[in-house]
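So this block is structure_29.cif, mmCIF, C-alpha atoms and all ligand atoms:
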```cif
data_input
#
loop_
_atom_site.label_atom_id
_atom_site.label_comp_id
_atom_site.auth_asym_id
_atom_site.auth_seq_id
_atom_site.Cartn_x
_atom_site.Cartn_y
_atom_site.Cartn_z
CA MET F 1 8.92 3.98 41.98
CA THR F 2 9.44 4.82 38.35
CA GLU F 3 6.49 5.02 36.12
CA LYS F 4 6.88 4.75 32.39
CA SER F 5 5.58 7.66 30.42
CA PHE F 6 2.67 7.08 28.12
CA GLN F 7 4.98 7.71 25.17
CA ASP F 8 7.55 5.14 26.34
CA LYS F 9 4.78 2.60 26.63
CA GLN F 10 3.53 3.38 23.13
CA PHE F 11 7.06 3.08 21.73
CA GLU F 12 7.55 -0.28 23.44
CA ASP F 13 4.31 -1.50 21.95
CA ILE F 14 5.37 -0.51 18.43
CA GLU F 15 8.66 -2.36 18.77
CA PHE F 16 6.91 -5.41 20.15
CA ASN F 17 4.20 -5.36 17.46
CA LEU F 18 6.72 -5.03 14.64
CA LYS F 19 8.67 -8.02 15.89
CA ALA F 20 5.55 -10.16 16.14
CA ILE F 21 4.28 -9.13 12.70
CA ASN F 22 7.68 -9.77 11.12
CA GLU F 23 7.65 -13.29 12.50
CA ARG F 24 4.14 -13.92 11.22
CA ILE F 25 5.05 -12.56 7.78
CA ALA F 26 8.08 -14.85 7.69
CA CYS F 27 5.98 -17.82 8.68
CA ALA F 28 3.28 -17.14 6.06
CA ALA F 29 5.93 -16.50 3.38
CA GLU F 30 7.54 -19.86 4.12
CA LYS F 31 4.17 -21.62 4.03
CA SER F 32 3.66 -20.12 0.57
CA GLY F 33 7.03 -21.43 -0.63
CA ARG F 34 8.85 -18.14 -0.32
CA THR F 35 11.01 -16.38 2.28
CA ARG F 36 10.62 -13.31 4.48
CA SER F 37 12.53 -11.16 1.98
CA ASP F 38 9.98 -11.92 -0.76
CA VAL F 39 7.27 -9.97 1.08
CA ARG F 40 7.46 -6.23 1.75
CA PHE F 41 6.03 -4.88 4.97
CA MET F 42 4.45 -1.44 4.71
CA ALA F 43 3.55 0.39 7.91
CA VAL F 44 0.35 2.34 7.24
CA THR F 45 0.80 5.63 9.02
CA LYS F 46 -2.48 7.48 8.46
CA THR F 47 -3.56 9.36 11.61
CA VAL F 48 -0.30 8.34 13.33
CA ASP F 49 1.87 11.17 14.72
CA VAL F 50 5.43 11.73 13.52
CA PHE F 51 6.98 10.52 16.80
CA ARG F 52 5.43 7.11 16.53
CA ILE F 53 6.14 6.88 12.79
CA ASN F 54 9.81 7.72 13.44
CA LYS F 55 9.88 5.05 16.13
CA ALA F 56 8.74 2.46 13.58
CA LEU F 57 11.38 3.71 11.13
CA GLU F 58 14.02 3.40 13.86
CA CYS F 59 12.92 -0.21 14.30
CA GLY F 60 13.68 -0.98 10.67
CA ILE F 61 10.49 -0.18 8.75
CA ASP F 62 11.56 0.94 5.27
CA LEU F 63 8.18 1.53 3.63
CA ILE F 64 5.28 3.65 4.82
CA GLY F 65 1.84 4.24 3.37
CA GLU F 66 -0.33 7.32 3.75
CA ASN F 67 -3.90 7.88 2.59
CA LYS F 68 -4.21 11.62 2.34
CA VAL F 69 -2.04 14.02 0.37
CA GLN F 70 -2.41 16.90 2.81
CA GLU F 71 -1.72 14.82 5.91
CA TYR F 72 1.37 13.26 4.37
CA LEU F 73 2.82 16.57 3.18
CA LEU F 74 2.32 18.09 6.63
CA LYS F 75 4.16 15.24 8.37
CA LYS F 76 6.85 14.64 5.77
CA PRO F 77 9.38 17.32 6.84
CA ASP F 78 9.58 15.77 10.32
CA LEU F 79 9.89 12.14 9.22
CA HIS F 80 13.26 10.37 9.10
CA LEU F 81 12.89 9.11 5.58
CA GLU F 82 16.50 8.31 4.65
CA ASN F 83 16.40 4.93 2.86
CA VAL F 84 12.66 4.77 3.41
CA GLN F 85 10.08 4.66 0.65
CA SER F 86 6.62 6.10 0.88
CA HIS F 87 3.51 5.17 -1.07
CA LEU F 88 0.19 6.92 -1.40
CA ILE F 89 -2.51 4.30 -0.79
CA GLY F 90 -5.68 6.37 -0.43
CA HIS F 91 -8.09 7.60 -3.05
CA LEU F 92 -6.55 10.46 -5.01
CA GLN F 93 -8.49 13.30 -6.58
CA THR F 94 -7.12 14.64 -9.85
CA ASN F 95 -6.91 18.17 -8.45
CA LYS F 96 -4.39 16.99 -5.83
CA VAL F 97 -2.11 15.13 -8.23
CA ASN F 98 0.23 18.07 -8.77
CA LYS F 99 0.86 18.23 -5.02
CA ILE F 100 1.80 14.57 -4.55
CA VAL F 101 3.74 13.76 -7.71
CA GLY F 102 7.44 13.73 -6.82
CA GLU F 103 6.68 13.46 -3.09
CA VAL F 104 6.04 9.70 -2.92
CA ASP F 105 7.76 6.71 -4.52
CA CYS F 106 4.56 5.12 -5.75
CA ILE F 107 0.86 5.88 -6.07
CA GLU F 108 -0.99 2.62 -5.36
CA SER F 109 -4.54 3.84 -5.88
CA VAL F 110 -4.82 4.50 -9.62
CA ASP F 111 -8.23 3.43 -10.85
CA SER F 112 -9.20 5.71 -13.76
CA ILE F 113 -7.82 6.87 -17.09
CA LYS F 114 -8.35 10.44 -16.01
CA LEU F 115 -6.19 9.97 -12.92
CA ALA F 116 -3.47 8.09 -14.82
CA ASN F 117 -3.42 10.86 -17.44
CA GLU F 118 -3.06 13.56 -14.83
CA ILE F 119 -0.26 11.72 -12.98
CA SER F 120 1.60 11.32 -16.26
CA LYS F 121 1.06 14.97 -17.18
CA GLN F 122 2.27 16.31 -13.82
CA SER F 123 5.22 13.89 -13.79
CA LEU F 124 6.25 15.03 -17.25
CA LYS F 125 6.20 18.63 -16.05
CA LYS F 126 8.58 17.71 -13.23
CA GLY F 127 10.79 15.62 -15.48
CA ILE F 128 10.15 12.36 -13.61
CA VAL F 129 8.41 9.05 -14.14
CA THR F 130 6.00 8.06 -11.36
CA ASP F 131 5.58 4.42 -10.34
CA ILE F 132 1.95 3.42 -9.92
CA LEU F 133 -0.15 0.39 -9.02
CA VAL F 134 -3.60 -0.17 -10.44
CA GLU F 135 -6.21 -0.55 -7.72
CA VAL F 136 -8.74 -3.27 -8.52
CA ASN F 137 -12.21 -3.51 -7.00
CA ILE F 138 -11.95 -7.28 -6.85
CA ALA F 139 -15.33 -8.01 -5.29
CA GLY F 140 -17.20 -5.66 -7.61
CA GLU F 141 -18.51 -3.67 -4.67
CA GLU F 142 -20.65 -0.68 -5.49
CA ASN F 143 -19.55 2.73 -4.22
CA LYS F 144 -16.01 1.53 -3.76
CA THR F 145 -12.76 2.75 -5.27
CA GLY F 146 -10.83 0.54 -7.65
CA LEU F 147 -11.20 -0.51 -11.25
CA PRO F 148 -13.72 -3.25 -12.10
CA LYS F 149 -11.71 -6.38 -12.74
CA GLU F 150 -13.27 -6.90 -16.17
CA MET F 151 -11.69 -3.64 -17.32
CA LEU F 152 -8.17 -4.31 -16.10
CA SER F 153 -6.61 -5.66 -19.26
CA ASP F 154 -7.93 -2.91 -21.56
CA PHE F 155 -7.06 -0.30 -18.97
CA LEU F 156 -3.45 -1.47 -18.84
CA TYR F 157 -3.08 -1.43 -22.63
CA GLU F 158 -4.47 2.08 -22.69
CA ILE F 159 -2.29 3.58 -19.97
CA SER F 160 0.81 1.77 -21.19
CA GLU F 161 1.03 4.53 -23.80
CA LEU F 162 1.41 7.29 -21.22
CA PRO F 163 4.95 8.67 -21.16
CA ALA F 164 5.56 9.49 -17.50
CA ILE F 165 3.99 6.73 -15.44
CA LYS F 166 5.23 3.20 -14.93
CA VAL F 167 2.83 0.49 -13.80
CA GLN F 168 4.58 -1.78 -11.31
CA GLY F 169 1.69 -4.02 -10.29
CA LEU F 170 -1.73 -4.25 -8.67
CA MET F 171 -3.34 -3.30 -5.38
CA THR F 172 -6.66 -4.28 -3.82
CA ILE F 173 -8.74 -3.75 -0.69
CA PRO F 174 -11.17 -6.67 -0.33
CA PRO F 175 -14.58 -6.19 1.31
CA PHE F 176 -14.61 -5.83 5.06
CA SER F 177 -15.31 -9.32 6.29
CA GLN F 178 -14.90 -11.48 9.35
CA ASN F 179 -14.90 -14.46 7.06
CA ASN F 180 -11.37 -15.40 6.06
CA ALA F 181 -12.41 -17.98 3.49
CA GLN F 182 -14.33 -15.29 1.62
CA ASN F 183 -11.36 -12.98 1.39
CA ARG F 184 -8.98 -15.78 0.47
CA LYS F 185 -11.14 -16.27 -2.61
CA PHE F 186 -10.70 -12.60 -3.57
CA PHE F 187 -6.97 -12.70 -2.86
CA SER F 188 -6.61 -15.77 -5.06
CA ASN F 189 -8.59 -14.09 -7.84
CA MET F 190 -6.21 -11.14 -7.64
CA TYR F 191 -3.17 -13.40 -7.77
CA ASN F 192 -4.51 -15.18 -10.84
CA MET F 193 -5.08 -11.86 -12.62
CA TYR F 194 -1.60 -10.71 -11.66
CA VAL F 195 0.00 -13.86 -13.07
CA ASP F 196 -2.18 -13.77 -16.17
CA ILE F 197 -1.26 -10.17 -16.95
CA ARG F 198 2.36 -10.81 -16.28
CA SER F 199 2.32 -13.58 -18.86
CA LYS F 200 0.98 -11.14 -21.45
CA LYS F 201 4.17 -9.08 -21.15
CA ILE F 202 2.46 -5.81 -22.09
CA HIS F 203 4.91 -3.20 -23.30
CA ASN F 204 5.89 -0.73 -20.55
CA ILE F 205 3.86 -2.60 -17.89
CA ASN F 206 5.67 -4.36 -15.02
CA MET F 207 3.82 -6.88 -12.87
CA ASP F 208 6.17 -7.12 -9.91
CA ILE F 209 4.09 -5.86 -6.99
CA LEU F 210 0.89 -7.42 -5.68
CA SER F 211 -0.20 -5.22 -2.79
CA MET F 212 -2.86 -6.88 -0.63
CA GLY F 213 -3.39 -7.78 3.00
CA MET F 214 -4.04 -5.53 6.02
CA SER F 215 -3.94 -6.02 9.81
CA GLY F 216 -6.78 -8.53 9.87
CA ASP F 217 -5.83 -10.67 6.91
CA TYR F 218 -2.20 -10.22 5.88
CA GLU F 219 -1.26 -13.85 6.50
CA ASP F 220 -4.10 -15.02 4.27
CA ALA F 221 -3.04 -12.53 1.60
CA ILE F 222 0.55 -13.80 1.71
CA LEU F 223 -0.62 -17.40 1.47
CA CYS F 224 -2.49 -16.37 -1.69
CA GLY F 225 0.57 -14.71 -3.26
CA SER F 226 0.71 -11.12 -1.96
CA ASN F 227 4.22 -9.64 -1.92
CA LEU F 228 3.36 -6.33 -0.21
CA VAL F 229 1.24 -6.12 2.93
CA ARG F 230 -0.12 -2.80 4.23
CA ILE F 231 -0.44 -2.91 8.00
CA GLY F 232 -1.65 -0.08 10.21
CA SER F 233 -3.53 -0.83 13.40
CA ALA F 234 -1.60 -4.02 14.19
CA VAL F 235 1.53 -1.84 14.36
CA PHE F 236 0.30 1.38 15.96
CA GLY F 237 -2.89 0.33 17.72
CA PRO F 238 -6.43 1.46 16.91
CA ARG F 239 -6.64 4.71 14.97
CA ILE F 240 -8.10 7.77 16.67
CA TYR F 241 -9.69 10.06 14.09
C1 LIG F 301 -5.88 2.00 6.49
C2 LIG F 301 -5.44 1.20 5.34
C3 LIG F 301 -4.67 0.02 5.53
C4 LIG F 301 -4.30 -0.52 6.88
O1 LIG F 301 -5.41 -0.94 7.60
P1 LIG F 301 -5.27 -1.74 8.99
O2 LIG F 301 -6.46 -2.58 9.05
O3 LIG F 301 -5.16 -0.73 10.06
O4 LIG F 301 -4.02 -2.55 8.89
C5 LIG F 301 -4.25 -0.65 4.40
N1 LIG F 301 -4.57 -0.23 3.15
C6 LIG F 301 -5.28 0.88 2.94
C7 LIG F 301 -5.59 1.30 1.56
C8 LIG F 301 -5.75 1.62 4.03
O5 LIG F 301 -6.50 2.71 3.81
#
```
Represent the structure of the file as structure tokens.
Amino acid sequence: MTEKSFQDKQFEDIEFNLKAINERIACAAEKSGRTRSDVRFMAVTKTVDVFRINKALECGIDLIGENKVQEYLLKKPDLHLENVQSHLIGHLQTNKVNKIVGEVDCIESVDSIKLANEISKQSLKKGIVTDILVEVNIAGEENKTGLPKEMLSDFLYEISELPAIKVQGLMTIPPFSQNNAQNRKFFSNMYNMYVDIRSKKIHNINMDILSMGMSGDYEDAILCGSNLVRIGSAVFGPRIY
């Protein structure tokens, strides 16, 4: 009798999960009048070991998201990142900016002038321009990261002057909720802001990426206009901290 190793079983699960999620993304994209290729699928790899991340990459994942600078930099040398992009999606402290600039393709969690300034400064030093998304606290939750939505427009005009960052769009994490209707409202609010800002055509500001939707609500997010979903536990299973 052959018994599958625990690792084989985990790898099979990842392959199976990715297939299922891809189908659901395609279905939601079509329902929203788009196609599968209009929505990017990010595998969120925080707390996941390099073996399982590489398995997901082998299965065709071409975008990963990490929350912590230190954790990402530790894993990065062992990841098979050819033709793969990586984004930082977790809260970033200004004193860690110099470590991450140049190491990821985009920083999705920019929510203060101070942070935007520092990313621009460190990028300038390295002779690069860093793509960023502005994280919006769409539900106005206290003690939560993200820029208050009322400040978004002024914020964009202000950071559009910075020489070494390029805004590519918006990101949000809605409140934790079991109530899908509630979060659809926040997703729709985000989409409306995204379209509204795009129509303003602010100099040096692109509005091409709307990053919203996680394991529990990515189909809702896509139906409301998301074009980048960040999915962790539905790919790799529950996180063990
Ligand atoms: C952890 C995390 C995700 C993924 O969460 P899941 O519910 O596991 O899919 C997405 N976005 C951010 C910012 C995260 O921190």
Find the nearest atom pair between each residue of chain F and ligand LIG 301 (chain F) for residues within 7 Å, count all atoms listed in the file, give distances in Å to one decimal, sort rows by chain and ascending number, and present the table as CSV.
```
residue,atom,partner,partner_atom,distance
F:Val44,CA,F:LIG301,C4,5.5
F:Lys46,CA,F:LIG301,C1,6.7
F:Asn67,CA,F:LIG301,O5,5.9
F:Ile89,CA,F:LIG301,C7,4.9
F:Gly90,CA,F:LIG301,C7,5.4
F:Ile173,CA,F:LIG301,C7,6.4
F:Met214,CA,F:LIG301,O4,4.1
F:Ser215,CA,F:LIG301,O4,3.6
F:Gly216,CA,F:LIG301,O2,6.0
F:Arg230,CA,F:LIG301,C5,4.7
F:Ile231,CA,F:LIG301,O4,3.7
F:Gly232,CA,F:LIG301,O3,3.6
F:Ser233,CA,F:LIG301,O3,3.7
F:Ala234,CA,F:LIG301,O4,6.0
```
Within 12 Å of Lys114 of chain F using all atoms listed in the file, minus same-chain residues under 6 positions, as a PyMOL selection string: chain F and resi 92-95+97+120-121+155+158-159+162
Surrounding residues of Asp217 of chain F excluding itself and chain neighbours under 5 positions, 10 Å, all atoms listed in the file, as a ChimeraX atom specification: /F:174,177-180,183-184,212,222,229,231
Minimum-distance residue to Asp8 of chain F, chosen among F:Lys55, F:His87, F:Lys96, F:Lys125 (using only C-alpha atoms):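 Looking at the shortest contact to Asp8 of chain F, the residue is F:Lys55.
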Ile61 of chain F surroundings by all atoms listed in the file, 10 Å radius, close-in-sequence under 6 positions cut, as a PyMOL selection string: chain F and resi 18+40-43+53-55+83-85
Interatomic distance, atom CA of Ile107 of chain F to atom CA of Arg36 of chain F (Å, one decimal):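 So the two atoms, atom CA of Ile107 of chain F and atom CA of Arg36 of chain F, lie 24.0 Å apart.
Going from atom CA of Glu15 of chain F to atom CA of Ser226 of chain F covers 23.9 Å.
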Centre, x/y/z edge lengths, axis-aligned box for segment 51-62 of chain F with 6 Å per side, as lines of an AutoDock Vina configuration file:
```
center_x = 9.7
center_y = 4.8
center_z = 11.0
size_x = 20.6
size_y = 23.5
size_z = 23.5
```
Point-to-point distance in Å for atom CA of Pro77 of chain F and atom CA of Asn117 of chain F: 28.2 Å
Could you complete segment 87-98 of chain F so that it carries N, CA and C atoms, and give it back as a PDB file, keeping the file's coordinate frame?
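Here's the written file selection_22.pdb:
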```pdb
ATOM      1  N   HIS F  87       4.531   5.366  -0.036  1.00  0.00           N
ATOM      2  CA  HIS F  87       3.510   5.170  -1.070  1.00  0.00           C
ATOM      3  C   HIS F  87       2.234   5.891  -0.666  1.00  0.00           C
ATOM      4  N   LEU F  88       1.530   6.421  -1.656  1.00  0.00           N
ATOM      5  CA  LEU F  88       0.190   6.920  -1.400  1.00  0.00           C
ATOM      6  C   LEU F  88      -0.780   5.759  -1.647  1.00  0.00           C
ATOM      7  N   ILE F  89      -1.625   5.449  -0.656  1.00  0.00           N
ATOM      8  CA  ILE F  89      -2.510   4.300  -0.790  1.00  0.00           C
ATOM      9  C   ILE F  89      -3.986   4.681  -0.770  1.00  0.00           C
ATOM     10  N   GLY F  90      -4.277   5.952  -0.502  1.00  0.00           N
ATOM     11  CA  GLY F  90      -5.680   6.370  -0.430  1.00  0.00           C
ATOM     12  C   GLY F  90      -6.180   6.917  -1.745  1.00  0.00           C
ATOM     13  N   HIS F  91      -7.467   7.053  -1.838  1.00  0.00           N
ATOM     14  CA  HIS F  91      -8.090   7.600  -3.050  1.00  0.00           C
ATOM     15  C   HIS F  91      -7.520   8.984  -3.354  1.00  0.00           C
ATOM     16  N   LEU F  92      -7.190   9.199  -4.610  1.00  0.00           N
ATOM     17  CA  LEU F  92      -6.550  10.460  -5.010  1.00  0.00           C
ATOM     18  C   LEU F  92      -7.442  11.203  -5.998  1.00  0.00           C
ATOM     19  N   GLN F  93      -7.711  12.468  -5.659  1.00  0.00           N
ATOM     20  CA  GLN F  93      -8.490  13.300  -6.580  1.00  0.00           C
ATOM     21  C   GLN F  93      -7.535  13.943  -7.586  1.00  0.00           C
ATOM     22  N   THR F  94      -8.010  14.104  -8.808  1.00  0.00           N
ATOM     23  CA  THR F  94      -7.120  14.640  -9.850  1.00  0.00           C
ATOM     24  C   THR F  94      -6.594  16.031  -9.488  1.00  0.00           C
ATOM     25  N   ASN F  95      -7.384  16.813  -8.766  1.00  0.00           N
ATOM     26  CA  ASN F  95      -6.910  18.170  -8.450  1.00  0.00           C
ATOM     27  C   ASN F  95      -5.805  18.184  -7.384  1.00  0.00           C
ATOM     28  N   LYS F  96      -5.484  17.038  -6.809  1.00  0.00           N
ATOM     29  CA  LYS F  96      -4.390  16.990  -5.830  1.00  0.00           C
ATOM     30  C   LYS F  96      -3.131  16.329  -6.396  1.00  0.00           C
ATOM     31  N   VAL F  97      -3.231  15.878  -7.645  1.00  0.00           N
ATOM     32  CA  VAL F  97      -2.110  15.130  -8.230  1.00  0.00           C
ATOM     33  C   VAL F  97      -0.842  15.960  -8.272  1.00  0.00           C
ATOM     34  N   ASN F  98      -0.970  17.238  -8.651  1.00  0.00           N
ATOM     35  CA  ASN F  98       0.230  18.070  -8.770  1.00  0.00           C
ATOM     36  C   ASN F  98       0.966  18.221  -7.443  1.00  0.00           C
TER      37      ASN F  98
END
```
